[in-house]
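For reference, my_file-v9.cif (mmCIF, C-alpha atoms and all ligand atoms):
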data_target
#
loop_
_atom_site.label_atom_id
_atom_site.label_comp_id
_atom_site.auth_asym_id
_atom_site.auth_seq_id
_atom_site.Cartn_x
_atom_site.Cartn_y
_atom_site.Cartn_z
CA MET D 9 -27.96 -0.73 6.83
CA PRO D 10 -30.59 -0.99 4.08
CA GLU D 11 -33.75 -2.77 5.14
CA ALA D 12 -33.72 -5.18 2.20
CA ALA D 13 -30.13 -6.05 1.34
CA LEU D 14 -29.54 -7.14 -2.22
CA ASP D 15 -26.93 -9.64 -3.28
CA PHE D 16 -24.38 -8.05 -5.61
CA SER D 17 -22.02 -11.02 -5.78
CA GLY D 18 -21.63 -12.08 -9.36
CA GLU D 19 -23.00 -8.81 -10.65
CA ALA D 20 -21.87 -8.21 -14.23
CA PRO D 21 -19.74 -5.08 -14.83
CA ALA D 22 -22.40 -3.62 -17.10
CA ALA D 23 -25.06 -4.14 -14.43
CA GLN D 24 -22.85 -2.52 -11.81
CA ALA D 25 -22.17 0.43 -14.11
CA ALA D 26 -25.91 0.85 -14.70
CA ARG D 27 -26.60 0.70 -10.95
CA ILE D 28 -23.95 3.36 -10.25
CA ALA D 29 -25.27 5.57 -13.05
CA ASP D 30 -28.75 5.25 -11.59
CA LEU D 31 -27.55 6.16 -8.09
CA ASN D 32 -25.69 9.20 -9.42
CA ALA D 33 -28.71 10.29 -11.42
CA ARG D 34 -31.09 9.92 -8.46
CA TYR D 35 -28.86 11.82 -6.04
CA GLU D 36 -27.39 14.31 -8.50
CA HIS D 37 -29.03 17.34 -6.90
CA HIS D 38 -28.66 16.24 -3.28
CA GLY D 39 -26.27 17.64 -0.73
CA ALA D 40 -23.67 15.67 1.22
CA THR D 41 -25.92 14.95 4.20
CA ALA D 42 -28.77 13.66 2.04
CA VAL D 43 -26.44 11.51 -0.05
CA LEU D 44 -24.92 9.96 3.05
CA GLU D 45 -28.23 9.46 4.83
CA ARG D 46 -29.99 7.92 1.83
CA ALA D 47 -27.05 5.84 0.67
CA LEU D 48 -26.96 4.15 4.09
CA LYS D 49 -30.56 3.06 3.57
CA ASP D 50 -30.66 2.53 -0.17
CA PRO D 51 -30.73 -1.16 -1.14
CA GLN D 52 -29.01 -0.23 -4.41
CA ALA D 53 -25.96 0.95 -2.45
CA GLY D 54 -25.86 -2.20 -0.32
CA ARG D 55 -24.08 -2.65 3.01
CA LEU D 56 -21.71 0.28 3.58
CA THR D 57 -18.85 1.09 5.91
CA LEU D 58 -17.00 4.36 6.31
CA VAL D 59 -13.22 4.30 5.93
CA SER D 60 -11.44 7.11 7.77
CA SER D 61 -7.82 8.07 8.32
CA PHE D 62 -8.82 10.39 11.19
CA GLY D 63 -6.68 12.93 9.38
CA ALA D 64 -6.90 16.67 8.83
CA GLU D 65 -10.45 16.85 7.44
CA SER D 66 -11.86 13.49 8.54
CA VAL D 67 -13.89 15.00 11.33
CA VAL D 68 -16.42 16.44 8.87
CA LEU D 69 -17.58 13.13 7.46
CA LEU D 70 -17.38 11.43 10.85
CA HIS D 71 -19.55 14.16 12.35
CA LEU D 72 -22.09 13.81 9.54
CA LEU D 73 -22.21 10.09 10.12
CA SER D 74 -22.63 10.52 13.86
CA MET D 75 -25.70 12.68 13.19
CA ILE D 76 -27.25 10.05 10.94
CA ASP D 77 -26.32 6.60 12.27
CA ARG D 78 -23.64 6.17 14.95
CA SER D 79 -23.72 2.41 14.63
CA THR D 80 -22.38 2.42 11.05
CA PRO D 81 -19.07 0.54 10.97
CA VAL D 82 -16.03 2.84 10.70
CA LEU D 83 -12.74 1.32 9.53
CA PHE D 84 -9.53 2.97 10.73
CA ILE D 85 -6.28 1.69 9.22
CA ASP D 86 -3.52 1.79 11.80
CA THR D 87 -0.31 1.28 9.82
CA MET D 88 1.61 1.23 13.10
CA LEU D 89 3.66 4.08 11.63
CA LEU D 90 1.14 6.84 12.30
CA PHE D 91 1.85 9.95 14.34
CA PRO D 92 0.99 9.50 18.02
CA GLU D 93 -1.17 12.61 17.61
CA THR D 94 -3.33 10.73 15.07
CA LEU D 95 -3.86 7.83 17.43
CA ALA D 96 -4.85 10.18 20.25
CA TYR D 97 -7.13 12.15 17.91
CA GLN D 98 -8.81 8.94 16.75
CA GLN D 99 -9.66 8.02 20.33
CA GLU D 100 -10.85 11.51 21.13
CA LEU D 101 -13.11 11.77 18.09
CA ALA D 102 -14.60 8.32 18.47
CA GLU D 103 -15.56 9.13 22.05
CA ARG D 104 -16.73 12.66 21.41
CA LEU D 105 -18.90 11.67 18.43
CA ASN D 106 -20.02 8.52 20.19
CA LEU D 107 -19.15 6.33 17.22
CA ARG D 108 -20.23 2.87 18.27
CA ASP D 109 -18.46 0.59 15.81
CA VAL D 110 -14.92 1.80 15.09
CA ARG D 111 -12.82 -1.10 13.83
CA VAL D 112 -9.03 -0.69 13.94
CA ILE D 113 -7.36 -2.53 11.07
CA ARG D 114 -3.73 -3.57 11.01
CA ALA D 115 -1.46 -5.63 8.81
CA ASP D 116 -1.18 -9.30 9.56
CA ASP D 117 1.68 -10.08 12.01
CA ILE D 118 3.08 -12.85 9.85
CA ALA D 119 3.08 -10.70 6.71
CA LEU D 120 4.79 -7.91 8.65
CA ALA D 121 7.44 -10.25 10.00
CA ARG D 122 8.13 -11.58 6.54
CA GLN D 123 8.05 -8.44 4.49
CA ASP D 124 9.06 -5.67 6.85
CA PRO D 125 10.68 -7.27 9.89
CA ASP D 126 12.65 -4.17 10.86
CA GLY D 127 10.04 -1.58 9.86
CA THR D 128 12.27 0.00 7.20
CA LEU D 129 10.40 -1.04 4.06
CA HIS D 130 9.05 2.50 3.60
CA GLN D 131 12.64 3.70 3.10
CA PHE D 132 13.09 1.51 0.05
CA ASP D 133 9.73 0.75 -1.47
CA THR D 134 6.80 2.91 -0.45
CA ASP D 135 4.43 1.11 -2.81
CA ALA D 136 5.19 -2.22 -1.19
CA CYS D 137 4.90 -0.68 2.29
CA CYS D 138 1.50 0.91 1.55
CA ASP D 139 0.43 -2.35 0.01
CA LEU D 140 1.43 -4.29 3.11
CA ARG D 141 0.17 -1.87 5.74
CA LYS D 142 -2.88 -0.29 4.04
CA THR D 143 -4.23 -1.89 0.90
CA VAL D 144 -4.13 -5.54 1.90
CA PRO D 145 -5.60 -5.01 5.41
CA LEU D 146 -8.31 -2.76 3.98
CA GLN D 147 -9.28 -5.24 1.30
CA ARG D 148 -9.54 -7.92 3.98
CA ALA D 149 -11.66 -5.68 6.22
CA LEU D 150 -13.97 -4.73 3.35
CA ALA D 151 -15.05 -8.32 2.82
CA GLY D 152 -18.71 -8.47 3.70
CA PHE D 153 -19.43 -4.90 2.61
CA ASP D 154 -20.87 -3.87 -0.73
CA GLY D 155 -19.25 -0.46 -0.63
CA TRP D 156 -17.35 2.09 1.41
CA ILE D 157 -17.84 5.75 2.16
CA THR D 158 -14.87 8.05 1.65
CA GLY D 159 -14.16 11.71 2.36
CA ARG D 160 -12.57 12.37 -1.03
CA LYS D 161 -13.32 15.63 -2.79
CA ARG D 162 -12.94 16.99 -6.30
CA PHE D 163 -10.66 19.83 -5.26
CA GLN D 164 -8.05 17.43 -3.94
CA GLY D 165 -6.25 17.03 -7.25
CA SER D 166 -6.55 16.34 -10.93
CA THR D 167 -7.13 12.62 -10.39
CA ARG D 168 -10.24 13.49 -8.38
CA ALA D 169 -11.48 16.39 -10.53
CA THR D 170 -14.45 14.45 -11.94
CA LEU D 171 -15.30 12.51 -8.80
CA GLU D 172 -18.98 11.52 -8.53
CA PHE D 173 -21.05 10.65 -5.46
CA PHE D 174 -20.98 6.99 -6.47
CA GLU D 175 -18.24 5.16 -8.34
CA THR D 176 -17.05 1.64 -8.92
CA ASP D 177 -14.47 -0.04 -6.70
CA GLY D 178 -13.78 -3.16 -8.68
CA PRO D 179 -16.25 -5.83 -9.65
CA THR D 180 -17.90 -6.34 -6.28
CA ARG D 181 -17.95 -2.99 -4.48
CA ILE D 182 -18.73 0.67 -4.89
CA LYS D 183 -17.41 3.84 -3.29
CA VAL D 184 -19.62 6.61 -1.98
CA ASN D 185 -18.15 10.11 -1.87
CA PRO D 186 -20.71 12.39 -0.17
CA LEU D 187 -18.25 15.33 0.01
CA ALA D 188 -17.24 15.10 -3.66
CA HIS D 189 -18.48 18.59 -4.48
CA TRP D 190 -17.29 20.38 -1.36
CA ALA D 191 -14.73 23.19 -1.64
CA PRO D 192 -12.02 23.87 0.96
CA GLU D 193 -14.05 26.73 2.39
CA ASP D 194 -17.05 24.40 2.86
CA VAL D 195 -14.88 22.09 4.93
CA ARG D 196 -13.53 24.93 7.05
CA ALA D 197 -16.99 26.46 7.53
CA TYR D 198 -18.49 23.13 8.59
CA MET D 199 -15.76 22.59 11.18
CA ASP D 200 -16.13 26.15 12.50
CA GLU D 201 -19.92 26.10 12.67
CA ASN D 202 -19.98 22.77 14.48
CA ARG D 203 -16.96 23.60 16.66
CA LEU D 204 -15.28 20.36 15.72
CA PRO D 205 -11.85 19.54 17.13
CA ARG D 206 -8.96 19.81 14.66
CA HIS D 207 -6.19 17.31 14.25
CA PRO D 208 -3.38 18.83 16.35
CA LEU D 209 -0.83 18.59 13.53
CA VAL D 210 -2.79 20.92 11.24
CA ALA D 211 -1.72 23.89 13.32
CA ARG D 212 1.87 22.70 13.01
CA GLY D 213 1.92 22.87 9.21
CA TYR D 214 0.45 19.51 8.19
CA PRO D 215 -2.65 20.08 6.03
CA SER D 216 -2.60 16.45 4.90
CA ILE D 217 -1.58 13.76 7.37
CA GLY D 218 -0.46 10.22 6.69
CA CYS D 219 2.22 8.05 8.26
CA ALA D 220 4.95 9.80 10.22
CA PRO D 221 7.87 8.67 8.02
CA CYS D 222 6.13 9.79 4.83
CA THR D 223 4.58 13.09 5.88
CA SER D 224 6.35 16.42 6.20
CA PRO D 225 5.09 19.95 6.92
CA VAL D 226 3.96 22.07 3.99
CA ALA D 227 5.16 25.63 3.35
CA ALA D 228 2.82 28.51 2.56
CA GLY D 229 1.76 28.37 -1.09
CA GLU D 230 2.57 24.69 -1.52
CA ASP D 231 -0.03 22.12 -2.55
CA PRO D 232 -1.68 20.76 0.63
CA ARG D 233 -0.54 17.25 -0.31
CA ALA D 234 3.04 18.31 -1.10
CA GLY D 235 4.17 16.91 2.24
CA ARG D 236 3.01 13.38 1.41
CA TRP D 237 5.85 11.20 0.06
CA ARG D 238 7.77 14.41 -0.60
CA GLY D 239 10.26 14.05 -3.43
CA GLN D 240 8.74 10.84 -4.71
CA ASP D 241 6.61 10.17 -7.75
CA LYS D 242 3.74 9.06 -5.55
CA ASN D 243 0.61 10.80 -4.35
CA GLU D 244 -1.80 8.01 -3.47
CA CYS D 245 -1.33 5.27 -0.93
CA GLY D 246 -2.21 2.38 -3.21
CA ILE D 247 -5.83 2.19 -2.14
CA HIS D 248 -6.89 3.22 -5.58
CA ILE D 249 -8.59 2.26 -8.79
CA VAL D 250 -7.31 1.77 -12.30
CA ASP D 251 -9.78 0.93 -15.03
CA GLY D 252 -12.42 0.21 -12.47
CA LYS D 253 -10.38 -2.28 -10.49
CA VAL D 254 -8.60 -2.08 -7.18
CA VAL D 255 -4.93 -2.20 -8.03
CA ARG D 256 -2.61 -4.05 -5.74
CA ARG D 257 0.88 -4.78 -6.85
CA SER D 258 1.94 -8.39 -6.87
CA ASP D 259 3.17 -9.50 -3.50
CA PRO D 260 6.05 -11.87 -4.09
CA MET D 261 5.88 -13.24 -0.56
CA THR D 262 2.24 -14.20 -0.49
CA ASP D 263 0.93 -14.39 -4.03
CA PRO D 264 0.78 -17.90 -5.38
CA VAL D 265 3.75 -19.02 -7.38
CA SER D 266 2.80 -20.65 -10.63
CA GLU D 267 3.53 -24.30 -10.91
CA PRO D 268 6.86 -24.97 -12.52
CA THR D 269 6.70 -25.99 -16.14
CA PRO D 270 7.67 -29.65 -16.42
CA LEU D 271 10.67 -30.36 -18.55
CA ALA D 272 9.95 -31.87 -21.90
CA ALA D 273 11.01 -35.50 -22.16
CA ASN D 274 13.75 -34.71 -24.61
CA ALA D 275 14.89 -31.49 -22.97
CA PRO D 276 18.64 -31.13 -22.71
CA GLU D 277 20.25 -31.87 -19.36
CA PRO D 278 20.40 -28.71 -17.27
CA VAL D 279 23.79 -27.10 -16.95
CA PRO D 280 25.00 -27.93 -13.43
CA GLU D 281 26.62 -24.56 -12.74
CA PRO D 282 24.48 -21.96 -11.02
CA VAL D 283 23.07 -19.13 -13.10
CA ILE D 284 23.59 -15.47 -12.18
CA VAL D 285 20.62 -13.21 -12.90
CA THR D 286 21.23 -9.50 -13.46
CA ASP D 287 19.24 -6.77 -15.16
CA THR D 288 20.64 -7.86 -18.50
CA GLY D 289 19.59 -11.47 -18.13
CA PHE D 290 21.33 -14.77 -17.37
CA ALA D 291 25.10 -15.10 -17.10
CA SER D 292 27.66 -17.50 -15.73
CA ASP D 293 29.41 -16.70 -12.47
CA ASP D 294 32.26 -14.26 -13.08
CA TRP D 295 33.25 -14.39 -9.40
CA ALA D 296 33.67 -18.16 -9.07
CA ALA D 297 37.40 -18.06 -8.38
CA LYS D 298 37.36 -15.11 -5.97
CA ALA D 299 36.67 -14.79 -2.25
CA VAL D 300 33.05 -14.63 -1.16
CA LEU D 301 31.48 -13.98 2.24
CA ASP D 302 28.47 -16.27 2.65
CA LEU D 303 25.81 -15.19 5.15
CA GLY D 304 22.91 -17.27 6.40
CA SER D 305 19.37 -15.93 6.54
CA ASP D 306 19.64 -15.64 10.34
CA THR D 307 22.75 -13.45 10.24
CA ASP D 308 22.73 -10.31 12.34
CA PRO D 309 23.76 -7.66 9.81
CA ALA D 310 25.10 -5.41 12.57
CA ALA D 311 27.64 -8.11 13.46
CA VAL D 312 29.12 -8.44 9.96
CA ASP D 313 32.66 -7.05 9.79
CA LEU D 314 32.38 -4.92 6.68
CA GLY D 315 35.96 -3.70 7.00
CA SER D 316 37.30 -7.12 6.04
CA ALA D 317 34.43 -8.16 3.78
CA PRO D 318 35.45 -9.19 0.25
CA GLY D 319 33.99 -7.59 -2.85
CA LEU D 320 31.03 -9.98 -2.91
CA ILE D 321 28.66 -10.91 -0.10
CA ARG D 322 26.22 -13.70 -0.78
CA ILE D 323 23.08 -14.06 1.34
CA GLU D 324 21.25 -17.37 1.52
CA PHE D 325 17.50 -17.66 0.92
CA PRO D 326 16.47 -21.05 2.33
CA SER D 327 12.89 -20.85 1.04
CA PHE D 328 10.74 -18.68 -1.21
CA SER D 329 8.71 -17.43 1.73
CA ASP D 330 11.70 -16.45 3.88
CA GLY D 331 12.29 -12.73 3.30
CA ARG D 332 14.91 -12.15 5.99
CA GLY D 333 17.63 -11.89 3.35
CA PHE D 334 16.02 -8.73 1.95
CA SER D 335 16.23 -7.09 5.33
CA ILE D 336 19.87 -8.14 5.77
CA ALA D 337 20.74 -6.62 2.40
CA ARG D 338 19.06 -3.33 3.28
CA GLN D 339 20.91 -3.15 6.58
CA LEU D 340 24.27 -3.85 4.95
CA ARG D 341 23.64 -1.09 2.43
CA LEU D 342 22.59 1.24 5.21
CA ARG D 343 25.85 0.45 6.98
CA GLY D 344 27.67 1.54 3.81
CA TYR D 345 28.63 -1.72 2.14
CA GLN D 346 29.51 -0.79 -1.45
CA GLY D 347 30.54 -4.18 -2.82
CA ARG D 348 28.38 -6.61 -4.73
CA LEU D 349 25.44 -8.23 -2.96
CA ARG D 350 24.07 -11.47 -4.26
CA ALA D 351 20.90 -13.33 -3.21
CA LYS D 352 21.43 -17.07 -3.42
CA GLY D 353 19.05 -19.99 -3.27
CA HIS D 354 15.29 -20.03 -3.27
CA VAL D 355 14.57 -16.73 -4.96
CA ILE D 356 12.04 -16.70 -7.76
CA ALA D 357 11.46 -14.31 -10.65
CA ASP D 358 8.61 -12.53 -8.88
CA GLN D 359 11.06 -11.59 -6.14
CA TYR D 360 13.68 -10.04 -8.41
CA THR D 361 12.25 -6.54 -8.09
CA MET D 362 12.17 -6.83 -4.32
CA ALA D 363 15.78 -8.06 -4.37
CA ARG D 364 16.99 -5.12 -6.44
CA ARG D 365 15.13 -2.60 -4.31
CA SER D 366 16.63 -4.13 -1.20
CA GLY D 367 20.15 -3.47 -2.48
CA PHE D 368 21.03 -6.76 -4.16
CA ASP D 369 22.94 -6.51 -7.43
CA GLU D 370 22.19 -10.00 -8.62
CA VAL D 371 20.57 -13.33 -7.83
CA GLU D 372 22.19 -16.75 -7.97
CA ILE D 373 19.81 -19.55 -8.88
CA SER D 374 20.23 -23.21 -9.60
CA ALA D 375 20.35 -24.43 -13.18
CA ASP D 376 17.17 -26.35 -12.44
CA LEU D 377 15.27 -23.20 -11.46
CA ALA D 378 16.75 -21.40 -14.47
CA THR D 379 15.21 -24.10 -16.65
CA ARG D 380 11.81 -23.86 -14.98
CA GLN D 381 11.81 -20.06 -14.88
CA PRO D 382 13.68 -19.08 -18.04
CA GLU D 383 15.41 -15.79 -18.66
CA ALA D 384 12.36 -14.08 -20.14
CA GLN D 385 10.53 -14.44 -16.83
CA TRP D 386 13.29 -12.62 -14.97
CA ARG D 387 13.84 -9.72 -17.31
CA PHE D 388 11.77 -6.58 -17.23
CA ARG D 389 10.48 -7.34 -13.71
CA ALA D 390 8.72 -4.02 -13.11
CA ASN D 391 10.53 -0.70 -13.17
CA TRP D 392 12.47 -1.17 -9.97
CA GLN D 393 14.84 1.61 -11.00
CA VAL D 394 12.21 4.17 -10.00
CA HIS D 395 13.05 3.34 -6.41
CA ASP D 396 16.65 2.25 -6.96
CA TYR D 397 18.15 2.21 -3.52
CA GLN D 398 21.77 2.63 -4.56
CA SER D 399 21.01 5.57 -6.87
CA ARG D 400 19.26 7.27 -3.99
CA LEU D 401 22.26 6.61 -1.76
CA ARG D 402 24.57 8.11 -4.35
CA GLN D 403 22.33 11.16 -4.63
CA GLY D 404 22.51 11.53 -0.88
S1 LIG I 1 2.56 6.04 3.96
FE1 LIG I 1 4.72 5.45 4.18
S2 LIG I 1 4.92 4.39 6.16
FE2 LIG I 1 2.72 4.54 5.64
S3 LIG I 1 2.24 2.60 4.72
FE3 LIG I 1 2.75 4.02 3.03
S4 LIG I 1 4.99 3.84 2.68
FE4 LIG I 1 4.48 2.81 4.65
#

This entry written out as structure tokens:
Amino acid sequence: MPEAALDFSGEAPAAQAARIADLNARYEHHGATAVLERALKDPQAGRLTLVSSFGAESVVLLHLLSMIDRSTPVLFIDTMLLFPETLAYQQELAERLNLRDVRVIRADDIALARQDPDGTLHQFDTDACCDLRKTVPLQRALAGFDGWITGRKRFQGSTRATLEFFETDGPTRIKVNPLAHWAPEDVRAYMDENRLPRHPLVARGYPSIGCAPCTSPVAAGEDPRAGRWRGQDKNECGIHIVDGKVVRRSDPMTDPVSEPTPLAANAPEPVPEPVIVTDTGFASDDWAAKAVLDLGSDTDPAAVDLGSAPGLIRIEFPSFSDGRGFSIARQLRLRGYQGRLRAKGHVIADQYTMARRSGFDEVEISADLATRQPEAQWRFRANWQVHDYQSRLRQG
């Protein structure tokens, strides 16, 4: 830690940019070890922690740190969906390098129970899953630090091609990238020369290692990160920056819901019939006279007799914060239900994307809610089609 810590809270963006430019200018001609060693002591860099996945190349930065200051906090995000080999490797490295302050970070139990109760969210919405299991826990763990040290390198892709030693991480933190200028051969040479233990999965064809469900082996000649979220338009976990800010997608379960707009005194009486929300907007119920199977939010989806189910199943949402209905919908789709699925009750516009990705075709809301959250708030809720569950089912 720097001897004289400065207070960067409330720092203006221009001041932060000037500080980062100054750090980059001062350390421009330094090597990785010098950047790391001096950044840990430099008051301009503030209080730093190292964030490590204990993945394929993590040992290099961890070894450098262990040579400089073993008591530096190291944050390890355990998504609870990692390979067992990663967990064993994390233990082994921490002991072998004598790292004295490794902090294991996990998602909050309540958030997990609400948003991913059956651990299948990654099958339907990888952004939401990374958000839940990585980005949110990391942001919470970073509170109290002015910056974090990463092992990112320029050669790792076009989005990192201009990576500097120091960069912004939103208004209150910076990132330090001591290995920014290293080439793949530098990494290999450092591991060889220091006889550092490799992650066991590297030898089995995994040059880049993330969570088990989202990582596959890579063939010769493929990009090293080709096995991450293979087949999806995704190559970062969500712990990333856009326009200088940490981007986290809106979390419909936990983000505050804006206060409903009060009705004007002379507003017309709301229509008593429920309103059906689809991708094209509001509509009246075209199924009102037909048979419906109503399921409560505590229904066991495995116990639903799909053979005799009518063409519409309606799942109750008793409160905005109760996400069990999303899980039920996913399970029914997984079991092959092809009819219409409708979410009914306390579902708000922010949850429409989640509903569609979970397999719902539509949402049934009260006329009162339709008045408070008019059609324009429901339409164009993100581009959920990118992860359209039913399209993916059809494509096999
Ligand atoms: S990498 Fe996959 S399993 Fe891991 S948090 Fe992201 S979506 Fe979930």

**Asked** What's the 6 Å shell around region 220-232 of chain D, counting only C-alpha atoms, without same-chain residues fewer than 5 positions away, as a count of residues only?
**Response** 6

Give me the chain D side of the contact with ligand LIG 1 (chain I), cut-off 10 Å, one line per residue showing its nearest atom pair and distance in Å at one decimal, counting all atoms listed in the file, sorted by chain and residue number, as a tab-separated table.
residue	atom	partner	partner_atom	distance
D:Ile85	CA	I:LIG1	S3	9.7
D:Asp86	CA	I:LIG1	S3	9.2
D:Thr87	CA	I:LIG1	S3	5.9
D:Met88	CA	I:LIG1	FE2	8.2
D:Leu89	CA	I:LIG1	S2	5.6
D:Leu90	CA	I:LIG1	FE2	7.2
D:Ala115	CA	I:LIG1	S3	9.9
D:Asp124	CA	I:LIG1	FE4	9.9
D:Gly127	CA	I:LIG1	S2	8.7
D:Thr128	CA	I:LIG1	S2	8.6
D:Leu129	CA	I:LIG1	FE4	7.1
D:His130	CA	I:LIG1	S4	4.4
D:Gln131	CA	I:LIG1	S4	7.7
D:Phe132	CA	I:LIG1	S4	8.8
D:Asp133	CA	I:LIG1	S4	7.0
D:Thr134	CA	I:LIG1	S4	3.7
D:Asp135	CA	I:LIG1	S4	6.2
D:Ala136	CA	I:LIG1	S4	7.2
D:Cys137	CA	I:LIG1	FE4	4.2
D:Cys138	CA	I:LIG1	FE3	3.7
D:Asp139	CA	I:LIG1	S3	7.1
D:Leu140	CA	I:LIG1	S3	7.1
D:Arg141	CA	I:LIG1	S3	5.0
D:Lys142	CA	I:LIG1	S3	5.9
D:Thr143	CA	I:LIG1	S3	8.8
D:Ile217	CA	I:LIG1	S1	9.4
D:Gly218	CA	I:LIG1	S1	5.8
D:Cys219	CA	I:LIG1	FE2	4.4
D:Ala220	CA	I:LIG1	S2	6.8
D:Pro221	CA	I:LIG1	S2	5.5
D:Cys222	CA	I:LIG1	FE1	4.6
D:Thr223	CA	I:LIG1	S1	7.6
D:Arg236	CA	I:LIG1	S1	7.8
D:Trp237	CA	I:LIG1	FE1	7.2
D:Lys242	CA	I:LIG1	S4	9.8
D:Asn243	CA	I:LIG1	S1	9.8
D:Glu244	CA	I:LIG1	S1	8.8
D:Cys245	CA	I:LIG1	FE3	5.8
D:Gly246	CA	I:LIG1	FE3	8.1

**Asked** Any idea what's packed within 10 Å of Ala102 (chain D), counting all atoms listed in the file, ignoring anything in its chain fewer than 5 positions away? Could you give it as number ranges by chain?
**Response** D: 62, 67, 70-71, 74, 78, 82, 97, 107-110

**Item:** Atom-to-atom span, CA of Asp306 (chain D) and CA of Ser327 (chain D), Å
**Value:**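 Those two atoms sit 12.6 Å apart.
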
**Message:** Env of Ser366 (chain D): 12 Å cut, atoms = all atoms listed in the file, seq-sep filter 6 positions within chain, self excluded. Answer as an MDAnalysis selection string.
**Reply:** chainID D and resid 123:124 128:133 136 331:342 349:351 359:360 392:393 395:398

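The two atoms in question, CA of Leu83 (chain D) and CA of Arg148 (chain D), are spaced 11.2 Å apart.
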
**Request:** Would you mind reading off the distance between CA of Ala149 (chain D) and CA of Ile182 (chain D), one decimal, in Å?
**Result:** 14.6 Å

Could you give me, as JSON lines, a per-residue list for region 147-202 of chain D showing, wherever an atom lies at most 12 Å from an atom of region 12-34 of chain D, the closest pair of atoms and their distance in Å to one decimal, using all atoms listed in the file and sorting by chain then residue number from low to high?
{"residue": "D:Ala151", "atom": "CA", "partner": "D:Ser17", "partner_atom": "CA", "distance": 11.4}
{"residue": "D:Gly152", "atom": "CA", "partner": "D:Ser17", "partner_atom": "CA", "distance": 10.4}
{"residue": "D:Phe153", "atom": "CA", "partner": "D:Phe16", "partner_atom": "CA", "distance": 10.1}
{"residue": "D:Asp154", "atom": "CA", "partner": "D:Phe16", "partner_atom": "CA", "distance": 7.3}
{"residue": "D:Gly155", "atom": "CA", "partner": "D:Phe16", "partner_atom": "CA", "distance": 10.4}
{"residue": "D:Leu171", "atom": "CA", "partner": "D:Asn32", "partner_atom": "CA", "distance": 10.9}
{"residue": "D:Glu172", "atom": "CA", "partner": "D:Asn32", "partner_atom": "CA", "distance": 7.2}
{"residue": "D:Phe173", "atom": "CA", "partner": "D:Asn32", "partner_atom": "CA", "distance": 6.3}
{"residue": "D:Phe174", "atom": "CA", "partner": "D:Asn32", "partner_atom": "CA", "distance": 6.0}
{"residue": "D:Glu175", "atom": "CA", "partner": "D:Ile28", "partner_atom": "CA", "distance": 6.3}
{"residue": "D:Thr176", "atom": "CA", "partner": "D:Ile28", "partner_atom": "CA", "distance": 7.2}
{"residue": "D:Asp177", "atom": "CA", "partner": "D:Gln24", "partner_atom": "CA", "distance": 10.1}
{"residue": "D:Gly178", "atom": "CA", "partner": "D:Pro21", "partner_atom": "CA", "distance": 8.8}
{"residue": "D:Pro179", "atom": "CA", "partner": "D:Pro21", "partner_atom": "CA", "distance": 6.3}
{"residue": "D:Thr180", "atom": "CA", "partner": "D:Ser17", "partner_atom": "CA", "distance": 6.3}
{"residue": "D:Arg181", "atom": "CA", "partner": "D:Phe16", "partner_atom": "CA", "distance": 8.3}
{"residue": "D:Ile182", "atom": "CA", "partner": "D:Ile28", "partner_atom": "CA", "distance": 8.0}
{"residue": "D:Lys183", "atom": "CA", "partner": "D:Ile28", "partner_atom": "CA", "distance": 9.6}
{"residue": "D:Val184", "atom": "CA", "partner": "D:Ile28", "partner_atom": "CA", "distance": 9.9}
{"residue": "D:Asn185", "atom": "CA", "partner": "D:Asn32", "partner_atom": "CA", "distance": 10.7}
{"residue": "D:Pro186", "atom": "CA", "partner": "D:Asn32", "partner_atom": "CA", "distance": 11.0}
{"residue": "D:Ala188", "atom": "CA", "partner": "D:Asn32", "partner_atom": "CA", "distance": 11.8}

**Message:** Let me make sure I understand: among D:Leu73, D:Leu101, D:Leu204, D:Ala64, which one has the smallest atom-to-atom distance to Arg46 (chain D) if we use only C-alpha atoms?
**Reply:**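 Among D:Leu73, D:Leu101, D:Leu204, D:Ala64, it is D:Leu73 that comes nearest to Arg46 (chain D).
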
**Asked** Pick the closest to Thr57 (chain D) from D:Glu36, D:Asp77, D:Glu93, D:Asp313: which is it, counting only C-alpha atoms?
**Response** D:Asp77

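Each of D:Val283, D:Leu146, D:Leu320, D:Ile356 was checked against Ile373 (chain D) using all atoms listed in the file; the smallest atom-to-atom distance is that of D:Val283.
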
**Request:** Compile the contact shell of Glu372 (chain D) as a ChimeraX atom specification: residues with an atom at most 8 Å away, counting only C-alpha atoms, same-chain residues fewer than 2 positions apart removed.
**Result:** /D:282-285,350-353,370,374

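Distances here use only C-alpha atoms; by that measure, the residue among D:Ser216, D:Thr286, D:Thr379, D:Gln346 closest to Gly315 (chain D) is D:Gln346.
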
Report as CSV the residues of region 65-86 of chain D within 12 Å of region 161-164 of chain D, each with its shortest atom pair and distance in Å (one decimal), using only C-alpha atoms, ordered by chain and increasing residue number.
residue,atom,partner,partner_atom,distance
D:Glu65,CA,D:Lys161,CA,10.7
D:Ser66,CA,D:Lys161,CA,11.6
D:Leu69,CA,D:Lys161,CA,11.4

**Item:** Spatial neighbours of Arg348 (chain D), max dist 8 Å, only C-alpha atoms, sep filter under 4 positions, as a PyMOL selection string
**Value:** chain D and resi 319-321+368-369

**Asked** Nearest to Arg322 (chain D): which of D:Gln99, D:Glu383, D:Ala299, D:Gly344 is it, counting all atoms listed in the file?
**Response**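 Residue with the minimum atom-to-atom distance to Arg322 (chain D): D:Ala299.
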